[in-house]
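Notes follow once the structure below has been shown.
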Amino acid sequence: MLIVLMPSAGHAAVPARAPAAPVEMCRITDPAVTEVSGLAVTPTGYLVENDSNPDPAKTRVFMLDKACRVTGDVQYPTTARDPEDLAVDRKGTLWIADIGDNSPLTGGSGNRRSTIALWTMAAGSKQLKIHRLVYPDGVPRDAEALLIDGQGRPVIVTKDPNGEVFRLDTPLPTDNTEGARLTKVGAFEPRRTGTSNPLGFLGIAWVTGAAVSADGTKAVVRTYADAYEFEVKGGDVAAAIASGKATVTALPDEPQGEAIAYTADGASLLTVSDQDGPAVILRYPSGLKLAPPSSAAPPPPAQAQAQAQARTAPDSKRSTRAPLLLGAFTVVALMLVAAVARRARRR
């Protein structure tokens with residue numbers, strides 16, 4: 001029996017900020033670039049990656065110039081399972097989040113993966129290295145969002161409706177077969193914004209991408225419908241997402257918005273949709289305006305540690321996630337027929 005959980009009447013919708021119409025930066029027309037699900041900014045243009053594909057040779061990372069023309073590409077040394085996001089850290093290292101894992105409900109084959117993977121490529125290199133990770137309880141999850149924090153630690157936010165936030169707190173292994181265990185930090189809580197998108201209220205809740213600004217002071221998590229920006233203090237991205245106050249900007253009616261990045265100056269957000277055919281990189285103004293950095297001396301280590309612990313402490317009053325779980329089983333059957341079909345043919 002399917003049980004549908006309806007939104008609680010006690011939780012009013014909170015509309016997202018509606019910016020001016022987005023600006024088209026450029027249009028990706030190269031037929032080799034299909035179903036873009038990750039985006040990163042470089043000094044000369046952009047990096048994008050193809051989502052999973054039945055032909056492993058087509059699952060590549062592409063370098064684009066500022067007009068979205070392909071200037072180069074990198075192939076994986078072994079087959080990537082389901083790349084979903086990109087990030088570039090402060091050292092210029094490229095990170096690829098091979099973390100997608102659809103359940104049968106959303107088009108997966110039912111053969112869930114025992115580990116997920118991150119691929120890295122150091123600045124100036126064209127050699128990808130693999131790093132395998134595992135969730136702390138060993139239970140598979142679908143995820144599409146990767147961020148790198150101020151200490152160079154990867155942070156993953158799951159797509160599944162409870163939006164869990166995980167971080168790697170141990171050294172990053174390379175070419176390992178047993179996955180390094182992630183730590184659960186908390187959860188991301190989307191709002192009932194009502195922003196128009198192709199997947200309705202499921203699109204409002206499902207996390208599809210994330211990014212950190214180049215200076216490390218802002219982090220953004222996106223759904224199919226909205227962008228949630230957080231102020232990052234002390235480089236702790238995971239704590240900001242799990243317990244910080246979000247500034248929400250509507251990204252209405254993107255065909256299948258799965259990628260997001262900050263411009264180099266952090267003043268704007270860039271997005272692109274996972275779709276066949278030409279895809280457009282759009283620019284929206286960032287909704288999070290931060291005060292200029294203070295010249296005051298940093299707090300002593302003991303005080304800084306106490307502040308960090310306060311930021312990461314669970315908040316017993318936050319319980320707004322339940323209305324957004326929404327009994328997805330019935331609604332998925334009605335609203336995601338096309339998505340299921342597309343995902344199914346990849347497996």
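Going through the structure tokens in order, the chains are called A, B, and so on, while each chain numbers its residues from 1 and the ligands are numbered from 1 in the order shown.
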Determine, using only C-alpha atoms, which residues of region 155-270 of chain A have any atom at most 8 Å from an atom of region 72-87 of chain A, and tabulate each with its shortest atom pair and distance in Å to one decimal place, rows ordered by chain and then rising number, as a Markdown table.
```
| residue | atom | partner | partner_atom | distance |
| --- | --- | --- | --- | --- |
| A:Gly209 | CA | A:Asp85 | CA | 6.4 |
| A:Ala210 | CA | A:Asp85 | CA | 7.7 |
| A:Ala211 | CA | A:Ala87 | CA | 6.7 |
| A:Ala259 | CA | A:Asp85 | CA | 7.0 |
```
Okay, now the selection with all heavy atoms, as a PDB file, in the first residue's frame?
```
ATOM      1  N   GLY A 209      23.041  19.865  -6.802  1.00  0.00           N
ATOM      2  CA  GLY A 209      24.364  20.432  -7.032  1.00  0.00           C
ATOM      3  C   GLY A 209      24.753  21.363  -5.900  1.00  0.00           C
ATOM      4  O   GLY A 209      23.914  21.748  -5.077  1.00  0.00           O
ATOM      5  N   ALA A 210      26.042  21.735  -5.870  1.00  0.00           N
ATOM      6  CA  ALA A 210      26.525  22.620  -4.808  1.00  0.00           C
ATOM      7  C   ALA A 210      27.853  23.227  -5.234  1.00  0.00           C
ATOM      8  O   ALA A 210      28.499  22.754  -6.172  1.00  0.00           O
ATOM      9  CB  ALA A 210      26.675  21.859  -3.490  1.00  0.00           C
ATOM     10  N   ALA A 211      28.272  24.261  -4.517  1.00  0.00           N
ATOM     11  CA  ALA A 211      29.548  24.923  -4.832  1.00  0.00           C
ATOM     12  C   ALA A 211      29.975  25.794  -3.659  1.00  0.00           C
ATOM     13  O   ALA A 211      29.161  26.161  -2.802  1.00  0.00           O
ATOM     14  CB  ALA A 211      29.423  25.774  -6.096  1.00  0.00           C
ATOM     15  N   ALA A 259      23.334  21.692 -12.074  1.00  0.00           N
ATOM     16  CA  ALA A 259      24.681  22.181 -11.820  1.00  0.00           C
ATOM     17  C   ALA A 259      24.635  23.621 -11.355  1.00  0.00           C
ATOM     18  O   ALA A 259      23.763  24.395 -11.760  1.00  0.00           O
ATOM     19  CB  ALA A 259      25.541  22.066 -13.081  1.00  0.00           C
TER      20      ALA A 259
END
```
Strand (DSSP E or B) call set, DSSP backbone run, region 115-166 of chain A, as a PDB file with N, CA and C atoms, in the first residue's frame:
```pdb
ATOM      1  N   ILE A 116      31.140   4.825  -3.170  1.00  0.00           N
ATOM      2  CA  ILE A 116      31.087   5.935  -4.111  1.00  0.00           C
ATOM      3  C   ILE A 116      32.525   6.367  -4.364  1.00  0.00           C
ATOM      4  N   ALA A 117      32.724   7.307  -5.288  1.00  0.00           N
ATOM      5  CA  ALA A 117      34.097   7.681  -5.620  1.00  0.00           C
ATOM      6  C   ALA A 117      34.210   9.167  -5.884  1.00  0.00           C
ATOM      7  N   LEU A 118      35.380   9.689  -5.573  1.00  0.00           N
ATOM      8  CA  LEU A 118      35.788  11.010  -6.009  1.00  0.00           C
ATOM      9  C   LEU A 118      37.006  10.827  -6.904  1.00  0.00           C
ATOM     10  N   TRP A 119      37.072  11.607  -7.961  1.00  0.00           N
ATOM     11  CA  TRP A 119      38.235  11.644  -8.825  1.00  0.00           C
ATOM     12  C   TRP A 119      38.871  13.025  -8.668  1.00  0.00           C
ATOM     13  N   THR A 120      40.207  13.073  -8.645  1.00  0.00           N
ATOM     14  CA  THR A 120      40.888  14.358  -8.566  1.00  0.00           C
ATOM     15  C   THR A 120      41.918  14.476  -9.685  1.00  0.00           C
ATOM     16  N   MET A 121      42.157  15.716 -10.095  1.00  0.00           N
ATOM     17  CA  MET A 121      43.188  16.014 -11.086  1.00  0.00           C
ATOM     18  C   MET A 121      43.887  17.292 -10.649  1.00  0.00           C
ATOM     19  N   LYS A 129      42.933  10.670 -10.614  1.00  0.00           N
ATOM     20  CA  LYS A 129      43.140   9.670  -9.571  1.00  0.00           C
ATOM     21  C   LYS A 129      41.806   9.405  -8.880  1.00  0.00           C
ATOM     22  N   ILE A 130      41.607   8.149  -8.459  1.00  0.00           N
ATOM     23  CA  ILE A 130      40.330   7.772  -7.851  1.00  0.00           C
ATOM     24  C   ILE A 130      40.492   7.591  -6.345  1.00  0.00           C
ATOM     25  N   HIS A 131      39.437   7.981  -5.612  1.00  0.00           N
ATOM     26  CA  HIS A 131      39.406   7.882  -4.155  1.00  0.00           C
ATOM     27  C   HIS A 131      38.026   7.346  -3.781  1.00  0.00           C
ATOM     28  N   ARG A 132      37.962   6.156  -3.187  1.00  0.00           N
ATOM     29  CA  ARG A 132      36.674   5.525  -2.890  1.00  0.00           C
ATOM     30  C   ARG A 132      36.258   5.807  -1.456  1.00  0.00           C
ATOM     31  N   LEU A 133      34.970   6.092  -1.287  1.00  0.00           N
ATOM     32  CA  LEU A 133      34.399   6.435   0.008  1.00  0.00           C
ATOM     33  C   LEU A 133      33.192   5.558   0.279  1.00  0.00           C
ATOM     34  N   VAL A 134      32.763   5.508   1.539  1.00  0.00           N
ATOM     35  CA  VAL A 134      31.570   4.757   1.913  1.00  0.00           C
ATOM     36  C   VAL A 134      30.824   5.530   2.988  1.00  0.00           C
ATOM     37  N   ALA A 143      23.363  10.748  -4.555  1.00  0.00           N
ATOM     38  CA  ALA A 143      23.851  12.097  -4.253  1.00  0.00           C
ATOM     39  C   ALA A 143      24.344  12.756  -5.530  1.00  0.00           C
ATOM     40  N   GLU A 144      24.234  14.095  -5.567  1.00  0.00           N
ATOM     41  CA  GLU A 144      24.656  14.842  -6.747  1.00  0.00           C
ATOM     42  C   GLU A 144      25.386  16.131  -6.393  1.00  0.00           C
ATOM     43  N   ALA A 145      25.713  16.338  -5.115  1.00  0.00           N
ATOM     44  CA  ALA A 145      26.278  17.617  -4.691  1.00  0.00           C
ATOM     45  C   ALA A 145      27.588  17.420  -3.941  1.00  0.00           C
ATOM     46  N   LEU A 146      28.640  18.126  -4.385  1.00  0.00           N
ATOM     47  CA  LEU A 146      29.965  18.061  -3.770  1.00  0.00           C
ATOM     48  C   LEU A 146      30.478  19.470  -3.506  1.00  0.00           C
ATOM     49  N   LEU A 147      31.067  19.663  -2.329  1.00  0.00           N
ATOM     50  CA  LEU A 147      31.738  20.914  -1.984  1.00  0.00           C
ATOM     51  C   LEU A 147      33.074  20.562  -1.330  1.00  0.00           C
ATOM     52  N   ILE A 148      34.048  21.457  -1.429  1.00  0.00           N
ATOM     53  CA  ILE A 148      35.333  21.278  -0.770  1.00  0.00           C
ATOM     54  C   ILE A 148      35.483  22.397   0.256  1.00  0.00           C
ATOM     55  N   PRO A 154      36.344  16.953   1.406  1.00  0.00           N
ATOM     56  CA  PRO A 154      35.126  16.863   0.590  1.00  0.00           C
ATOM     57  C   PRO A 154      33.877  16.763   1.461  1.00  0.00           C
ATOM     58  N   VAL A 155      32.833  17.463   1.027  1.00  0.00           N
ATOM     59  CA  VAL A 155      31.527  17.452   1.692  1.00  0.00           C
ATOM     60  C   VAL A 155      30.497  17.028   0.653  1.00  0.00           C
ATOM     61  N   ILE A 156      29.666  16.057   1.002  1.00  0.00           N
ATOM     62  CA  ILE A 156      28.648  15.522   0.090  1.00  0.00           C
ATOM     63  C   ILE A 156      27.272  15.752   0.698  1.00  0.00           C
ATOM     64  N   VAL A 157      26.346  16.235  -0.114  1.00  0.00           N
ATOM     65  CA  VAL A 157      24.946  16.386   0.308  1.00  0.00           C
ATOM     66  C   VAL A 157      24.120  15.446  -0.549  1.00  0.00           C
ATOM     67  N   THR A 158      23.369  14.558   0.071  1.00  0.00           N
ATOM     68  CA  THR A 158      22.626  13.557  -0.677  1.00  0.00           C
ATOM     69  C   THR A 158      21.405  14.161  -1.354  1.00  0.00           C
ATOM     70  N   GLU A 164      21.000  14.491   3.637  1.00  0.00           N
ATOM     71  CA  GLU A 164      22.057  14.332   4.636  1.00  0.00           C
ATOM     72  C   GLU A 164      23.361  14.983   4.177  1.00  0.00           C
ATOM     73  N   VAL A 165      24.112  15.497   5.153  1.00  0.00           N
ATOM     74  CA  VAL A 165      25.390  16.158   4.886  1.00  0.00           C
ATOM     75  C   VAL A 165      26.511  15.292   5.468  1.00  0.00           C
ATOM     76  N   PHE A 166      27.434  14.867   4.604  1.00  0.00           N
ATOM     77  CA  PHE A 166      28.552  14.019   5.014  1.00  0.00           C
ATOM     78  C   PHE A 166      29.871  14.708   4.694  1.00  0.00           C
TER      79      PHE A 166
END
```
Counting only C-alpha atoms, what is within 8 Å of Thr59 (chain A), bar same-chain residues fewer than 2 positions away, as a ChimeraX atom specification?
/A:49-53,55-57,61,75-76,80
Atoms kept (N, CA and C atoms) for selection, written as a tab-separated table (two decimals), in the first residue's frame:
```tsv
chain	number	residue	atom	x	y	z
A	49	GLU	N	31.01	18.28	-17.01
A	49	GLU	CA	31.17	16.83	-17.18
A	49	GLU	C	29.86	16.22	-17.60
A	50	ASN	N	29.98	15.17	-18.42
A	50	ASN	CA	28.81	14.41	-18.82
A	50	ASN	C	28.37	13.50	-17.70
A	51	ASP	N	27.08	13.37	-17.55
A	51	ASP	CA	26.50	12.40	-16.64
A	51	ASP	C	26.82	10.99	-17.16
A	52	SER	N	26.39	9.97	-16.44
A	52	SER	CA	26.65	8.59	-16.84
A	52	SER	C	26.11	8.33	-18.23
A	53	ASN	N	26.74	7.40	-18.95
A	53	ASN	CA	26.36	7.11	-20.33
A	53	ASN	C	26.63	5.64	-20.61
A	55	ASP	N	27.90	4.37	-23.07
A	55	ASP	CA	29.22	4.31	-23.69
A	55	ASP	C	30.22	5.02	-22.77
A	56	PRO	N	31.10	4.28	-22.07
A	56	PRO	CA	32.02	4.92	-21.11
A	56	PRO	C	32.90	5.99	-21.74
A	57	ALA	N	33.20	5.87	-23.04
A	57	ALA	CA	34.06	6.86	-23.69
A	57	ALA	C	33.41	8.23	-23.74
A	61	VAL	N	35.22	14.74	-18.93
A	61	VAL	CA	35.26	16.11	-18.43
A	61	VAL	C	35.71	17.00	-19.59
A	75	GLN	N	39.50	11.98	-20.25
A	75	GLN	CA	38.77	10.74	-20.05
A	75	GLN	C	39.20	10.07	-18.75
A	76	TYR	N	38.32	9.25	-18.22
A	76	TYR	CA	38.62	8.52	-17.00
A	76	TYR	C	39.52	7.33	-17.33
A	80	ALA	N	33.90	5.41	-15.05
A	80	ALA	CA	33.21	6.13	-13.99
A	80	ALA	C	31.76	5.65	-13.94
```
For CA of Tyr228 (chain A) and CA of Thr247 (chain A), quote the distance in Å rounded to one decimal.
5.6 Å
Contacts of Thr271 (chain A) at 8 Å or less, counting only C-alpha atoms, minus same-chain residues fewer than 4 places along, as JSON, numbers by chain?
{"A": [39, 257, 258, 259, 260, 261, 281, 282, 283]}
For each of A:Ile96, A:Ala227, A:Leu64, A:Ala246, take the minimum atom-to-atom distance to Tyr284 (chain A), counting only C-alpha atoms, then give the residue where this is smallest.
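Comparing A:Ile96, A:Ala227, A:Leu64, A:Ala246 against Tyr284 (chain A), the winner is A:Ala227.
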Restricting the calculation to only C-alpha atoms, which member of A:Thr249, A:Thr34, A:Thr263, A:Asn162 is positioned closest to Leu202 (chain A)?
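Of all the options, A:Asn162 lies closest to Leu202 (chain A).
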Any idea what's packed within 10 Å of region 289-292 of chain A, counting only C-alpha atoms, ignoring anything in its chain fewer than 3 positions away? Could you give it as a short mmCIF file (atom, residue, chain, number, x, y, z; two decimals) with N, CA and C atoms, in the first residue's frame?
```cif
data_model
loop_
_atom_site.label_atom_id
_atom_site.label_comp_id
_atom_site.auth_asym_id
_atom_site.auth_seq_id
_atom_site.Cartn_x
_atom_site.Cartn_y
_atom_site.Cartn_z
N THR A 217 34.06 32.00 1.48
CA THR A 217 33.15 32.61 2.46
C THR A 217 31.69 32.26 2.23
N LYS A 218 31.37 31.70 1.05
CA LYS A 218 29.98 31.37 0.74
C LYS A 218 29.90 29.95 0.17
N GLU A 229 22.02 29.75 -0.28
CA GLU A 229 23.37 30.22 0.02
C GLU A 229 23.58 30.37 1.53
N GLU A 231 26.54 31.55 4.63
CA GLU A 231 27.82 32.14 5.01
C GLU A 231 28.68 31.06 5.67
N THR A 247 20.05 32.01 2.57
CA THR A 247 19.43 32.99 1.69
C THR A 247 19.02 32.25 0.42
N GLY A 266 32.55 35.67 -6.88
CA GLY A 266 31.54 35.29 -5.90
C GLY A 266 30.29 36.13 -5.93
N ALA A 267 30.18 37.06 -6.88
CA ALA A 267 29.03 37.96 -6.92
C ALA A 267 27.82 37.36 -7.61
N SER A 286 24.06 36.69 -6.92
CA SER A 286 24.06 36.04 -5.62
C SER A 286 23.17 36.81 -4.66
N SER A 295 38.81 43.87 10.49
CA SER A 295 40.25 43.93 10.75
C SER A 295 40.58 43.46 12.16
#
```
Would you please extract all alpha helix (DSSP H) residues from region 111-263 of chain A, as assigned by DSSP on the backbone, and give them as a list in words?
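Those in region 111-263 of chain A that DSSP calls alpha helix (DSSP H) are Gly200, Phe201, Leu202, Gly203, Ile204, Ala205, Val237, Ala238, Ala239, Ala240, Ile241, Ala242 and Ser243 of chain A.
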Output N, CA and C atoms for every residue in the selection just made, as a compact mmCIF listing (two decimals), in the first residue's frame.
```
# COMPACT_ATOMS: atom_id res chain seq x y z
N GLY A 200 7.73 19.84 -9.85
CA GLY A 200 6.80 20.22 -8.79
C GLY A 200 7.45 20.26 -7.43
N PHE A 201 6.73 19.80 -6.37
CA PHE A 201 7.28 19.93 -5.04
C PHE A 201 8.42 18.96 -4.79
N LEU A 202 8.54 17.90 -5.58
CA LEU A 202 9.74 17.05 -5.45
C LEU A 202 10.97 17.82 -5.92
N GLY A 203 10.83 18.61 -6.97
CA GLY A 203 11.94 19.41 -7.45
C GLY A 203 12.39 20.45 -6.44
N ILE A 204 11.47 20.88 -5.59
CA ILE A 204 11.81 21.84 -4.54
C ILE A 204 12.67 21.19 -3.46
N ALA A 205 12.53 19.89 -3.26
CA ALA A 205 13.21 19.22 -2.15
C ALA A 205 14.50 18.52 -2.54
N VAL A 237 32.30 24.30 5.86
CA VAL A 237 31.19 24.27 4.91
C VAL A 237 30.06 23.38 5.40
N ALA A 238 30.39 22.20 5.92
CA ALA A 238 29.36 21.25 6.35
C ALA A 238 28.51 21.85 7.46
N ALA A 239 29.14 22.52 8.44
CA ALA A 239 28.38 23.12 9.53
C ALA A 239 27.49 24.24 9.02
N ALA A 240 27.97 25.01 8.05
CA ALA A 240 27.16 26.10 7.50
C ALA A 240 25.90 25.56 6.86
N ILE A 241 26.02 24.47 6.10
CA ILE A 241 24.86 23.90 5.41
C ILE A 241 23.90 23.25 6.39
N ALA A 242 24.44 22.57 7.40
CA ALA A 242 23.61 21.81 8.33
C ALA A 242 22.93 22.68 9.37
N SER A 243 23.53 23.82 9.72
CA SER A 243 22.95 24.60 10.81
C SER A 243 22.93 26.10 10.56
```
